[in-house]
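Okay, structure first, notes after.
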Amino acid sequence: MKALQRHCEAIVAQLPKHRLLAIDALRGLTITAMILVNNPGSWSHIYSPLKHAQWHGWTVTDLIFPFFVFIVGISIHISVSRQLSSGTAKFLVIKHAAVRMIKLILLGWFLALFYYNFSQPDYSWLEQRFNSIRFMGVLQRIGLVYFISVILALYCRTLARVVCFVGILIGYWLALTFITYSDTAGNHYIGLLEFGNNLSAWFDNAIFSGKHLYYGQATPFAFDPEGLLSTLPAVATCLSGILVGQWLMLATKTTQYKSKALLAIGLVFIIVAEFWGLYFPINKALWTSSYVLLSSGYACAVLGGLLWIIDVRSHKNWTAPFIVFGANSIAFFMFAGVVARILIMIPVADTSLKGWLYHTLYQPLLGDINGSLGFAISFLIVSYLVMLKLYQKGIFWKV
């Protein structure tokens with residue numbers, strides 16, 4: 001136990017004194033939660049909070065992705081402000097953002113293609129993977145949102161950013177509520193928010209064919225939960241992070257005041273979101289406006305709580321593992337994605353290596369659901385050892 005304490009103290013002691021550790025902790029907590037819920041031992045045995053809501057509504061798991069986008073917004077404000085203050089021209093900032101967007105999209109496509117079914121003799125990677133590549137995804141959405149948000153951060157002052165945030169939320173709500181769309185049979189629809197039948201799904205289906213979308217068999221419209229139209233309100237989530245980042249950098253307010261204010265702002269957002277959700281349901285796959293307010297509200301509240309615990313009360317050592325994970329968040333995401341696919345690809349007996357590990361080691365010892373969670377925790381521990389080695393060597397993968 002003392003060795004673990006010394007380990008955590010050593011990591012925290014290396015950080016710059018002026019750094020707001022709460023932001024690093026939130027980033028690390030978010031990416032850790034993302035990898036935890038993405039890697040159960042069995043998808044048939046998962047605790048309810050670790051599942052996504054089936055359609056309308058939300059669980060804790062549904063907050064993870066928007067939390068990450070919110071943190072991207074905070075990072076954008078800090079990065080853009082630093083670049084402009086150092087004299088970097090705006091077009092160079094845009095160029096860098098464009099390159100980063102392209103890299104994130106390519107990494108997303110790499111993960112989409114990185115799979116081969118060795119247990120199926122007639123498996124065709126070209127036909128079943130390459131020719132039906134999923135164009136959208138988590139990293140692709142982050143890349144698009146990042147680039148658009150950098151442009152807004154560069155050319156919009158505070159009031160314009162607020163107007164963009166509110167305008168996107170209201171505009172997306174009105175679009176999904178009042179714009180008419182139709183299927184190939186000539187049936188016309190308006191205001192529907194059903195699985196496979198809503199304006200966002202219609203838009204995805206119009207741009208991509210079903211084989212390139214996550215829910216390719218949905219009717220009447222195949223769609224993607226990280227689709228194109230629903231990426232627009234994700235920009236609003238990022239904008240909320242930019243505004244919070246801008247406010248956190250104000251030197252005129254104490255950290256204690258900022259902590260309390262973030263908690264209050266978060267509470268207001270959550271209340272408004274729940275009320276709005278009665279008319280425009282909270283829905284992650286559609287990234288509805290009420291969902292933006294809800295997730296941004298909880299992100300503000302959690303960040304406010306972390307500011308109080310870490311930067312006001314100085315309880316810092318527990319953050320060490322999350323600092324390690326957060327410092328290399330994209331590398332962590334890619335490592336987890338590649339390893340998870342390898343575990344599924346390698347055949348063992350009549351199942352995969354992952355299935356064999358779960359059914360041989362975890363399920364007999366811990367049972368169905370706890371064994372599934374135990375596998376996910378073990379996955380995190382192994383990942384931590386790899387990320388810690390990179391951290392200690394000063395290797396940080398900046399996309």
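Each chain in the structure tokens gets a letter, A, B, ..., in the order shown, and its residues are numbered from 1; ligands are numbered from 1 in order too.
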Exercise for the section: May I have the residues within 8 Å of Arg134 in chain A as an MDAnalysis selection string, using only C-alpha atoms and disregarding those fewer than 4 positions away in the same chain? Expected result: chainID A and resid 109 112 211:214
Taking 6 positions as the minimum chain separation for residues in the same chain, which residues sit within 8 Å of range 34-36 of chain A when counting only C-alpha atoms? Answer as a PDB file with N, CA and C atoms, in the first residue's frame.
ATOM      1  N   THR A  61     -23.163   5.712 -18.591  1.00  0.00           N
ATOM      2  CA  THR A  61     -22.332   5.409 -19.761  1.00  0.00           C
ATOM      3  C   THR A  61     -22.578   6.395 -20.902  1.00  0.00           C
ATOM      4  N   ILE A  64     -20.223   9.535 -21.109  1.00  0.00           N
ATOM      5  CA  ILE A  64     -18.773   9.438 -21.297  1.00  0.00           C
ATOM      6  C   ILE A  64     -18.295  10.165 -22.554  1.00  0.00           C
ATOM      7  N   PHE A  65     -18.898   9.864 -23.706  1.00  0.00           N
ATOM      8  CA  PHE A  65     -18.452  10.482 -24.957  1.00  0.00           C
ATOM      9  C   PHE A  65     -18.605  12.007 -24.928  1.00  0.00           C
ATOM     10  N   PHE A 333      -6.742   4.984 -26.302  1.00  0.00           N
ATOM     11  CA  PHE A 333      -7.913   4.566 -27.062  1.00  0.00           C
ATOM     12  C   PHE A 333      -7.513   3.617 -28.188  1.00  0.00           C
ATOM     13  N   ALA A 336      -6.222   0.202 -26.768  1.00  0.00           N
ATOM     14  CA  ALA A 336      -7.353  -0.610 -26.308  1.00  0.00           C
ATOM     15  C   ALA A 336      -8.133  -1.178 -27.482  1.00  0.00           C
ATOM     16  N   ALA A 376     -12.968  -6.616 -17.654  1.00  0.00           N
ATOM     17  CA  ALA A 376     -12.791  -5.218 -18.055  1.00  0.00           C
ATOM     18  C   ALA A 376     -11.773  -4.517 -17.155  1.00  0.00           C
ATOM     19  N   ILE A 377     -11.815  -4.802 -15.859  1.00  0.00           N
ATOM     20  CA  ILE A 377     -10.866  -4.186 -14.929  1.00  0.00           C
ATOM     21  C   ILE A 377      -9.456  -4.696 -15.199  1.00  0.00           C
ATOM     22  N   PHE A 379      -8.347  -5.675 -18.044  1.00  0.00           N
ATOM     23  CA  PHE A 379      -7.956  -5.005 -19.288  1.00  0.00           C
ATOM     24  C   PHE A 379      -7.390  -3.619 -18.974  1.00  0.00           C
ATOM     25  N   LEU A 380      -8.028  -2.913 -18.040  1.00  0.00           N
ATOM     26  CA  LEU A 380      -7.555  -1.585 -17.645  1.00  0.00           C
ATOM     27  C   LEU A 380      -6.194  -1.660 -16.960  1.00  0.00           C
TER      28      LEU A 380
END
Handout entry: Among listed residues A:Cys8, A:Val292, A:Ala175, A:Leu286, nearest Ala273 in chain A (using only C-alpha atoms)
Key = A:Val292
Handout entry: Between CA of Val93 in chain A and CA of Leu152 in chain A, distance in Å (one decimal)
Key = 12.0 Å
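Residue neighbourhood of Thr360 in chain A, excluding near-sequence residues (fewer than 4 positions): A:Gly41, A:Val348, A:Ala349, A:Thr351, A:Ser352, A:Leu353, A:Lys354, A:Gly355, A:Trp356, A:Pro364, A:Leu365, A:Leu366, A:Gly367, A:Asp368, A:Gly371, A:Ser372, A:Phe375, at 12 Å, using only C-alpha atoms.
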Would you save the residues from that selection as a CSV table (one decimal), in the first residue's frame, using C-alpha atoms?
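The resulting file, again.csv, is shown below:
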chain,number,residue,atom,x,y,z
A,41,GLY,CA,-15.8,-10.0,-20.7
A,348,VAL,CA,-9.1,-20.7,-29.3
A,349,ALA,CA,-11.0,-24.0,-29.3
A,351,THR,CA,-14.4,-19.5,-29.4
A,352,SER,CA,-12.0,-16.5,-29.4
A,353,LEU,CA,-9.1,-15.8,-27.1
A,354,LYS,CA,-11.3,-13.3,-25.3
A,355,GLY,CA,-14.1,-15.8,-24.9
A,356,TRP,CA,-11.7,-18.5,-23.7
A,364,PRO,CA,-15.9,-19.7,-13.0
A,365,LEU,CA,-14.2,-17.6,-10.3
A,366,LEU,CA,-16.5,-14.5,-10.2
A,367,GLY,CA,-19.7,-15.5,-12.0
A,368,ASP,CA,-21.3,-14.2,-15.1
A,371,GLY,CA,-16.6,-12.0,-14.2
A,372,SER,CA,-17.4,-9.8,-17.1
A,375,PHE,CA,-12.3,-8.9,-17.3
Handout entry: Selected residue, from A:Gln246, A:Thr59, A:Ser48, A:Gln363, that lies nearest to Arg157 in chain A when counting only C-alpha atoms
Key =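 Closest candidate: A:Gln246.
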Handout entry: Test item: residues at most 10 Å from Ser149 in chain A, only C-alpha atoms, excluding those fewer than 6 positions along its chain, as JSON, numbers by chain
Key = {"A": [72, 73, 76, 77, 97, 143, 161, 234, 235, 236, 237, 238, 239, 242]}
Exercise for the section: May I have the residues within 8 Å of Gly227 in chain A as a PyMOL selection string, using only C-alpha atoms and disregarding those fewer than 6 positions away in the same chain? Expected result: chain A and resi 136-137+200-201+204
Output N, CA and C atoms for every residue in the selection just made, as a PDB file, in the first residue's frame.
ATOM      1  N   MET A 136     -18.229   6.785 -40.473  1.00  0.00           N
ATOM      2  CA  MET A 136     -18.312   7.592 -39.259  1.00  0.00           C
ATOM      3  C   MET A 136     -17.946   6.725 -38.051  1.00  0.00           C
ATOM      4  N   GLY A 137     -17.702   7.378 -36.919  1.00  0.00           N
ATOM      5  CA  GLY A 137     -17.299   6.671 -35.718  1.00  0.00           C
ATOM      6  C   GLY A 137     -16.863   7.667 -34.660  1.00  0.00           C
ATOM      7  N   SER A 200     -32.231  12.807 -38.791  1.00  0.00           N
ATOM      8  CA  SER A 200     -30.804  12.484 -38.768  1.00  0.00           C
ATOM      9  C   SER A 200     -30.532  11.161 -39.471  1.00  0.00           C
ATOM     10  N   ALA A 201     -31.386  10.157 -39.222  1.00  0.00           N
ATOM     11  CA  ALA A 201     -31.231   8.863 -39.894  1.00  0.00           C
ATOM     12  C   ALA A 201     -31.441   9.006 -41.395  1.00  0.00           C
ATOM     13  N   ASP A 204     -28.262  10.506 -42.872  1.00  0.00           N
ATOM     14  CA  ASP A 204     -27.190   9.511 -42.980  1.00  0.00           C
ATOM     15  C   ASP A 204     -27.443   8.569 -44.144  1.00  0.00           C
TER      16      ASP A 204
END
Practice task
Output as number ranges by chain all residues of range 1-192 of chain A that backbone DSSP marks as helix (DSSP H, G or I).
Solution key: A: 2-13, 21-38, 48-50, 60-85, 90-113, 125-130, 138-155, 158-178
